[in-house]
Amino acid sequence: MLRVMDSLDFPPSSAWRRASPEALGFDPAALARARNYAETSEIDWPVDVGTMVCREDPPPFNRPIGPTKPRGGATGVVVKNGLLAVEWGTPERVDMTFSATKSYLWACVALAVDRGLIENVDDRVSDTVDDPLFDGFRNGQVTWRHLLQQTSEWSGELFGIPDTVDHNRRVNQSTNASKKGEPRRLRRPGEFWEYNDIRVNALALAALHVWREPLADVLRREVMEPIGATASWQWHAYANAQVSVGGATLASVPGGAHWGGGIMISAYDHARYGHLMLARGRWNGRRILSESSIEAALAPCTVNRRYGFLWWLNDARQAWPRASERAFAAIGAGGNLVCVVPEHRIVVVTRWAGDAAGVVDRVISALD
């Protein structure tokens with residue numbers, strides 16, 4: 001059987017090269033079953049995903065303040081060695097991606113470190129950013145690492161929403177029996193992991209201060225255009241997220257779609273970003289993101305080993321049992337996933353999957 005060698009291909013701009021499943025080392029029948037599972041296990045969400053946004057938050061914080069978009073059907077792609085092995089649904093469709101946005105926000109911070117705009121992730125944000133939101137005894141101690149790992153315990157209100165709205169939020173790791181939105185006693189920065197969108201949005205605002213230009217422009221110029229992504233993706237801010245930065249009024253984008261907004265993108269462009277991460281920050285010989293930034297991003301947080309710098313990890317193979325601990329992913333609500341499996345040189349993208357992890361494991365199982 002003819003096989004494509006395990007070297008990485010880099011697709012040309014706005015297009016993908018394909019190879020047969022057999023040539024890429026898949027059992028065609030098993031890969032077809034994985035695709036069928038993805039198509040038939042679509043998430044039980046309404047087409048109007050705006051009804052799912054912030055629905056668990058107490059009034060008056062249970063209404064969108066950013067744009068939403070009706071969703072498509074179950075969609076995805078599998079890329080191996082940079083070649084498209086299989087696809088389903090409408091992978092060209094631009095859809096909301098929810099918290100998978102966070103892994104793109106990481107790139108904006110990583111690039112700031114690579115360019116010397118941030119000297120060290122262990123520096124206090126207040127050393128670089130002149131904003132009252134990072135002043136005071138507590139918030140003045142917060143470092144870039146704390147914000148990237150979601151251990152900052154930053155406290156305050158941003159765009160009309162207090163950090164307490166996401167206190168006690170349960171995302172993969174929580175033994176706290178308290179109700180979401182009930183204020184809890186805060187710990188020292190770095191001591192407690194909590195999935196908190198207000199704090200992630202504070203990170204995005206801090207990065208905006210560093211770059212002094214919209215983060216969507218930074219991401220487009222520094223990452224998405226160099227890797228040949230289409231021009232169709234967008235990063236939407238909240239309606240009330242206009243801030244003054246360096247004398248200019250700019251929109252500060254969120255790290256997800258908890259209250260609407262965030263990155264809206266196609267599965268094809270998601271796969272390009274995943275392939276860049278698989279290639280350790282290089283694209284067709286060009287360095288986009290530094291090796292050191294990627295190493296730091298994929299190092300487990302000491303208080304939650306399933307999390308890095310806004311990337312989900314596979315500690316103890318809990319997320320994707322068929323993959324090694326080297327696997328990692330951008331994950332968002334609604335079955336949105338960009339999973340990178342380095343040992344198999346695979347990127348799996350799912351949209352609106354009822355069991356995204358099951359899709360990943362079935363794809364890996366389809367390898368001969």
# chains A, B, ... in the order shown; residues from 1 in each chain; ligands from 1

call {"tool": "residues_around", "arguments": {"residues": "stretch 193-204 of chain A", "least_positions_apart": "5", "cutoff": "6 Å", "atoms": "only C-alpha atoms", "output": "list in words"}}
result
Gln150, Thr151, Asp163, Asp166, Pro254 and Gly255 of chain A

call {"tool": "write_last_selection", "arguments": {"atoms": "N, CA and C atoms", "output": "PDB file, in the first residue's frame"}}
result
ATOM      1  N   GLN A 150      -5.001  30.784  34.244  1.00  0.00           N
ATOM      2  CA  GLN A 150      -6.275  30.940  34.957  1.00  0.00           C
ATOM      3  C   GLN A 150      -6.133  30.676  36.456  1.00  0.00           C
ATOM      4  N   THR A 151      -5.037  31.173  37.005  1.00  0.00           N
ATOM      5  CA  THR A 151      -4.812  31.082  38.454  1.00  0.00           C
ATOM      6  C   THR A 151      -4.635  32.468  39.075  1.00  0.00           C
ATOM      7  N   ASP A 163     -15.966  39.679  38.367  1.00  0.00           N
ATOM      8  CA  ASP A 163     -15.324  38.356  38.320  1.00  0.00           C
ATOM      9  C   ASP A 163     -16.113  37.328  39.100  1.00  0.00           C
ATOM     10  N   ASP A 166     -18.245  34.267  37.626  1.00  0.00           N
ATOM     11  CA  ASP A 166     -17.666  32.960  37.283  1.00  0.00           C
ATOM     12  C   ASP A 166     -16.994  32.273  38.468  1.00  0.00           C
ATOM     13  N   PRO A 254     -12.957  39.661  23.625  1.00  0.00           N
ATOM     14  CA  PRO A 254     -13.012  38.651  24.680  1.00  0.00           C
ATOM     15  C   PRO A 254     -12.262  37.385  24.281  1.00  0.00           C
ATOM     16  N   GLY A 255     -11.993  36.552  25.297  1.00  0.00           N
ATOM     17  CA  GLY A 255     -11.331  35.274  25.052  1.00  0.00           C
ATOM     18  C   GLY A 255     -12.300  34.133  24.835  1.00  0.00           C
TER      19      GLY A 255
END

call {"tool": "select_by_dssp", "arguments": {"residues": "stretch 220-287 of chain A", "states": "strand (DSSP E or B)", "output": "CSV table (one decimal) with N, CA and C atoms, in the first residue's frame"}}
result
chain,number,residue,atom,x,y,z
A,234,GLN,N,-13.3,36.3,11.9
A,234,GLN,CA,-13.4,37.6,12.6
A,234,GLN,C,-13.3,37.3,14.1
A,235,TRP,N,-12.9,38.4,14.8
A,235,TRP,CA,-12.8,38.4,16.3
A,235,TRP,C,-13.6,39.5,16.8
A,236,HIS,N,-14.8,39.2,17.3
A,236,HIS,CA,-15.8,40.2,17.7
A,236,HIS,C,-15.7,40.6,19.2
A,242,GLN,N,-15.2,49.3,24.4
A,242,GLN,CA,-14.4,50.3,23.8
A,242,GLN,C,-13.5,50.9,24.9
A,243,VAL,N,-12.2,50.9,24.8
A,243,VAL,CA,-11.3,51.4,25.8
A,243,VAL,C,-10.3,52.3,25.2
A,244,SER,N,-9.7,53.2,26.0
A,244,SER,CA,-8.7,54.1,25.6
A,244,SER,C,-7.3,53.5,25.8
A,245,VAL,N,-6.5,53.4,24.7
A,245,VAL,CA,-5.2,52.8,24.8
A,245,VAL,C,-4.3,53.7,24.0
A,248,ALA,N,-5.8,56.3,21.8
A,248,ALA,CA,-6.8,55.9,20.8
A,248,ALA,C,-7.9,55.1,21.5
A,249,THR,N,-9.1,55.1,20.9
A,249,THR,CA,-10.2,54.3,21.3
A,249,THR,C,-10.2,53.0,20.5
A,250,LEU,N,-10.0,51.8,21.2
A,250,LEU,CA,-9.9,50.5,20.6
A,250,LEU,C,-10.9,49.6,21.2
A,251,ALA,N,-11.3,48.6,20.5
A,251,ALA,CA,-12.2,47.5,21.0
A,251,ALA,C,-11.3,46.4,21.6
A,258,HIS,N,-18.7,33.7,26.0
A,258,HIS,CA,-19.6,33.5,27.1
A,258,HIS,C,-20.7,34.5,27.1
A,260,GLY,N,-21.3,36.3,24.2
A,260,GLY,CA,-21.3,36.6,22.7
A,260,GLY,C,-19.9,37.0,22.3
A,262,GLY,N,-16.2,36.9,20.4
A,262,GLY,CA,-15.1,35.9,20.3
A,262,GLY,C,-14.8,35.7,18.8
A,263,ILE,N,-14.0,34.7,18.6
A,263,ILE,CA,-13.6,34.3,17.2
A,263,ILE,C,-14.6,33.5,16.5
A,264,MET,N,-15.0,33.9,15.3
A,264,MET,CA,-15.8,33.1,14.4
A,264,MET,C,-15.0,32.7,13.2
A,265,ILE,N,-14.9,31.5,12.9
A,265,ILE,CA,-13.9,30.9,12.0
A,265,ILE,C,-14.4,29.6,11.4
A,282,ARG,N,6.5,26.7,13.4
A,282,ARG,CA,7.0,27.0,12.1
A,282,ARG,C,6.0,26.7,11.0
A,283,TRP,N,6.1,27.5,9.9
A,283,TRP,CA,5.2,27.2,8.8
A,283,TRP,C,6.0,27.3,7.5
A,286,ARG,N,9.3,29.0,7.9
A,286,ARG,CA,9.2,30.3,8.5
A,286,ARG,C,8.8,30.2,10.0
A,287,ARG,N,9.6,30.8,10.8
A,287,ARG,CA,9.3,30.8,12.3
A,287,ARG,C,8.2,31.8,12.5

call {"tool": "atom_distance", "arguments": {"atom1": "atom CA of A:Leu147", "atom2": "atom CA of A:Arg220"}}
result
22.7 Å

call {"tool": "closest_residue", "arguments": {"among": "A:Met52, A:Ile364, A:Ala353, A:Ala85", "to": "A:Ala323", "atoms": "only C-alpha atoms"}}
result
A:Ile364

call {"tool": "closest_residue", "arguments": {"among": "A:Arg71, A:Arg124, A:Arg17, A:His209", "to": "A:Arg145", "atoms": "only C-alpha atoms"}}
result
A:Arg124

call {"tool": "select_by_dssp", "arguments": {"residues": "stretch 45-174 of chain A", "states": "alpha helix (DSSP H)", "output": "PyMOL selection string"}}
result
chain A and resi 101-114+125-128+144-149

call {"tool": "write_last_selection", "arguments": {"atoms": "C-alpha atoms", "output": "CSV table (one decimal), in the first residue's frame"}}
result
chain,number,residue,atom,x,y,z
A,101,THR,CA,-10.8,31.6,21.2
A,102,LYS,CA,-8.6,31.5,24.3
A,103,SER,CA,-5.9,29.5,22.5
A,104,TYR,CA,-5.7,32.2,19.8
A,105,LEU,CA,-5.5,34.9,22.6
A,106,TRP,CA,-2.5,32.9,23.9
A,107,ALA,CA,-0.8,33.5,20.6
A,108,CYS,CA,-1.1,37.3,20.9
A,109,VAL,CA,0.5,37.1,24.4
A,110,ALA,CA,3.2,34.7,23.2
A,111,LEU,CA,4.1,36.9,20.3
A,112,ALA,CA,4.4,39.9,22.7
A,113,VAL,CA,6.9,37.8,24.6
A,114,ASP,CA,8.7,36.8,21.4
A,125,VAL,CA,1.2,42.8,34.5
A,126,SER,CA,1.3,46.1,36.4
A,127,ASP,CA,5.0,46.4,35.5
A,128,THR,CA,4.0,46.7,31.8
A,144,TRP,CA,1.1,37.1,32.9
A,145,ARG,CA,1.6,33.5,33.9
A,146,HIS,CA,-1.3,33.7,36.4
A,147,LEU,CA,-3.6,35.1,33.8
A,148,LEU,CA,-2.5,32.6,31.1
A,149,GLN,CA,-3.0,29.6,33.5

call {"tool": "residues_around", "arguments": {"residues": "A:Ala34", "least_positions_apart": "5", "cutoff": "9 Å", "atoms": "only C-alpha atoms", "output": "list in words"}}
result
Ala29, Glu39, Gly358, Val359, Val360, Asp361, Arg362, Val363, Ser365 and Ala366 of chain A

call {"tool": "write_last_selection", "arguments": {"atoms": "N, CA and C atoms", "output": "PDB file, in the first residue's frame"}}
result
ATOM      1  N   ALA A  29     -12.093   2.026   6.256  1.00  0.00           N
ATOM      2  CA  ALA A  29     -13.391   1.698   6.833  1.00  0.00           C
ATOM      3  C   ALA A  29     -13.513   2.241   8.255  1.00  0.00           C
ATOM      4  N   GLU A  39     -20.766  12.679  12.540  1.00  0.00           N
ATOM      5  CA  GLU A  39     -21.949  13.242  11.883  1.00  0.00           C
ATOM      6  C   GLU A  39     -23.238  12.915  12.626  1.00  0.00           C
ATOM      7  N   GLY A 358     -14.704  11.516  21.818  1.00  0.00           N
ATOM      8  CA  GLY A 358     -14.937  10.232  21.179  1.00  0.00           C
ATOM      9  C   GLY A 358     -14.561  10.232  19.718  1.00  0.00           C
ATOM     10  N   VAL A 359     -14.753  11.357  19.050  1.00  0.00           N
ATOM     11  CA  VAL A 359     -14.328  11.475  17.654  1.00  0.00           C
ATOM     12  C   VAL A 359     -12.809  11.353  17.558  1.00  0.00           C
ATOM     13  N   VAL A 360     -12.100  12.063  18.428  1.00  0.00           N
ATOM     14  CA  VAL A 360     -10.635  12.009  18.418  1.00  0.00           C
ATOM     15  C   VAL A 360     -10.149  10.582  18.630  1.00  0.00           C
ATOM     16  N   ASP A 361     -10.692   9.899  19.617  1.00  0.00           N
ATOM     17  CA  ASP A 361     -10.239   8.536  19.894  1.00  0.00           C
ATOM     18  C   ASP A 361     -10.554   7.594  18.737  1.00  0.00           C
ATOM     19  N   ARG A 362     -11.677   7.780  18.075  1.00  0.00           N
ATOM     20  CA  ARG A 362     -12.011   6.925  16.932  1.00  0.00           C
ATOM     21  C   ARG A 362     -11.093   7.192  15.744  1.00  0.00           C
ATOM     22  N   VAL A 363     -10.704   8.443  15.556  1.00  0.00           N
ATOM     23  CA  VAL A 363      -9.765   8.768  14.473  1.00  0.00           C
ATOM     24  C   VAL A 363      -8.417   8.101  14.747  1.00  0.00           C
ATOM     25  N   SER A 365      -7.861   5.487  16.545  1.00  0.00           N
ATOM     26  CA  SER A 365      -8.044   4.029  16.436  1.00  0.00           C
ATOM     27  C   SER A 365      -8.073   3.574  14.984  1.00  0.00           C
ATOM     28  N   ALA A 366      -8.354   4.486  14.056  1.00  0.00           N
ATOM     29  CA  ALA A 366      -8.417   4.128  12.637  1.00  0.00           C
ATOM     30  C   ALA A 366      -7.047   4.000  11.992  1.00  0.00           C
TER      31      ALA A 366
END

call {"tool": "residues_around", "arguments": {"residues": "A:Val340", "least_positions_apart": "2", "cutoff": "7 Å", "atoms": "only C-alpha atoms", "output": "VMD selection string"}}
result
chain A and resid 274 278 327 to 329 338 342 346 to 348

call {"tool": "write_last_selection", "arguments": {"atoms": "C-alpha atoms", "output": "PDB file, in the first residue's frame"}}
result
ATOM      1  CA  GLY A 274      -3.617  23.435  14.783  1.00  0.00           C
ATOM      2  CA  LEU A 278       1.888  20.625  15.414  1.00  0.00           C
ATOM      3  CA  ALA A 327      -1.784  15.729  22.918  1.00  0.00           C
ATOM      4  CA  PHE A 328      -3.362  19.129  23.507  1.00  0.00           C
ATOM      5  CA  ALA A 329      -6.320  21.141  22.268  1.00  0.00           C
ATOM      6  CA  VAL A 338      -8.913  21.736  17.665  1.00  0.00           C
ATOM      7  CA  PRO A 342       1.901  15.052  17.872  1.00  0.00           C
ATOM      8  CA  ILE A 346      -2.721  14.548  13.366  1.00  0.00           C
ATOM      9  CA  VAL A 347      -4.987  17.553  13.815  1.00  0.00           C
ATOM     10  CA  VAL A 348      -8.676  16.839  14.455  1.00  0.00           C
TER      11      VAL A 348
END

call {"tool": "residues_around", "arguments": {"residues": "A:Ala229", "least_positions_apart": "4", "cutoff": "8 Å", "atoms": "only C-alpha atoms", "output": "PyMOL selection string"}}
result
chain A and resi 13-14+224-225+269+272

call {"tool": "write_last_selection", "arguments": {"atoms": "C-alpha atoms", "output": "PDB file, in the first residue's frame"}}
result
ATOM      1  CA  SER A  13      -3.067  29.788   0.927  1.00  0.00           C
ATOM      2  CA  SER A  14      -6.830  29.209   1.237  1.00  0.00           C
ATOM      3  CA  MET A 224      -3.235  33.879  10.200  1.00  0.00           C
ATOM      4  CA  GLU A 225      -1.978  35.521   7.005  1.00  0.00           C
ATOM      5  CA  ASP A 269      -8.766  27.747   9.237  1.00  0.00           C
ATOM      6  CA  ARG A 272      -4.264  25.558   9.864  1.00  0.00           C
TER       7      ARG A 272
END

call {"tool": "atom_distance", "arguments": {"atom1": "atom CA of A:Glu153", "atom2": "atom CA of A:Ile331"}}
result
21.9 Å
